[in-house]
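Undergrad: Dropping the structure in here first, questions after.
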Amino acid sequence: MKLYTFFRSSASYRVRIALNLKGLTYESAPIHLRRGGGEQLGAAYKAINPQALVPAFEDNGKILTQSLAIIEYLDETHPNPALLPKDPADKALVRSMALVIACEVHPIQNLRVLNYVKKEYNQTDEQVNRWGQHWIDLGLSALEQMIVAQPKRGKVCFGDVPTLADICLIPQLGNARRYGCDLSKYPSIVEIEKHCNALPAFANAAPEKQPDAE
Ligand SMILES: N[C@@H](CCC(=O)N[C@@H](CS)C(=O)NCC(=O)O)C(=O)O
């Protein structure tokens, strides 16, 4: 198993957590998103992922892309521990929490989007930062309400055992801090982060623990 990853990439971080939760060992293939204008944009990496995004994942000669597709593949090929609840309504709830981050927040404060906004619309770093902060805050504030309102409130987003929702949430919080978001507005999220980061699967997936960390 090989993971094309960048230490600071939150989508790669999601897959690293899932691999660790499953107890799977893998080879890390670092793709530096800034060096030389971005290694993800080179022909060699585009042959692996035509979207020029990390992560990509190789298993038994097959290449998979999109972090959530990779994580669901891992969950189906290595079912224990499960990353989604069995009950269809619970499963839909966990997926909806994960998608708040993966569909609504993360894509619009991604490197290429921010670079585009900055260059095409002549925005300063400060303005681009505010853009990122706005979308992160909107998503986290909704997620905080979803966590509090759900019936199985426990140590993590849903119940007491980490799911896909936590796998998406925790990496996003590092980005949130980088953009200057005030996380004290989201007390349940901060508690969940504390709990998850005490678990080796999450701690060992953190950007600063990666072989390509700077
Ligand atoms: N939806 C994709 C998002 C992947 C993605 O946006 N990756 C970022 C790093 S977190 C990336 O490669 N950015 C490179 C760029 O913007 O040029 C997934 O979940 O895998």
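Each chain in the structure tokens gets a letter, A, B, ..., in the order shown, and its residues are numbered from 1; ligands are numbered from 1 in order too.
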Sorted by chain and rising residue number, which residues of stretch 35-126 of chain A lie within 12 Å of stretch 179-202 of chain A, and what are their closest atom pairs and distances in Å to one decimal, counting only C-alpha atoms, as JSON lines?
TA:
{"residue": "A:Pro81", "atom": "CA", "partner": "A:Ala201", "partner_atom": "CA", "distance": 12.0}
{"residue": "A:Met97", "atom": "CA", "partner": "A:Ile189", "partner_atom": "CA", "distance": 11.9}
{"residue": "A:Gln109", "atom": "CA", "partner": "A:Tyr179", "partner_atom": "CA", "distance": 9.6}
{"residue": "A:Asn110", "atom": "CA", "partner": "A:Tyr179", "partner_atom": "CA", "distance": 11.8}
{"residue": "A:Leu114", "atom": "CA", "partner": "A:Tyr179", "partner_atom": "CA", "distance": 11.9}
{"residue": "A:Asp125", "atom": "CA", "partner": "A:Tyr179", "partner_atom": "CA", "distance": 10.7}
{"residue": "A:Glu126", "atom": "CA", "partner": "A:Tyr179", "partner_atom": "CA", "distance": 9.7}
Undergrad: Which polymer residues have any atom within 9 Å of an atom of A:Leu83, counting only C-alpha atoms, with same-chain residues fewer than 6 positions away left out, as a ChimeraX atom specification?
TA: /A:18,21,71-72,75,161-165,167
Undergrad: Neighbouring residues of ligand 1 are defined here as those with any atom at most 7 Å from a ligand atom, counting only C-alpha atoms and all ligand atoms; list them as an MDAnalysis selection string.
TA: chainID A and resid 9:12 33 38 40 52:55 65:68 102 107 110:113
Undergrad: What is the distance, in Å and to one decimal place, between atom CA of A:Phe158 and atom CA of A:Leu24?
TA: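 Here the two named atoms are 23.5 Å from each other.
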Undergrad: Can you work out the spacing between atom CA of A:Ala176 and atom CA of A:Ile136 in Å, to one decimal?
TA: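 Separation of atom CA of A:Ala176 and atom CA of A:Ile136: 6.4 Å.
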Undergrad: Running DSSP on the backbone, which parts of stretch 13-134 of chain A land in strand (DSSP E or B), as a ChimeraX atom specification?
TA: /A:27-30,56-59,62-65
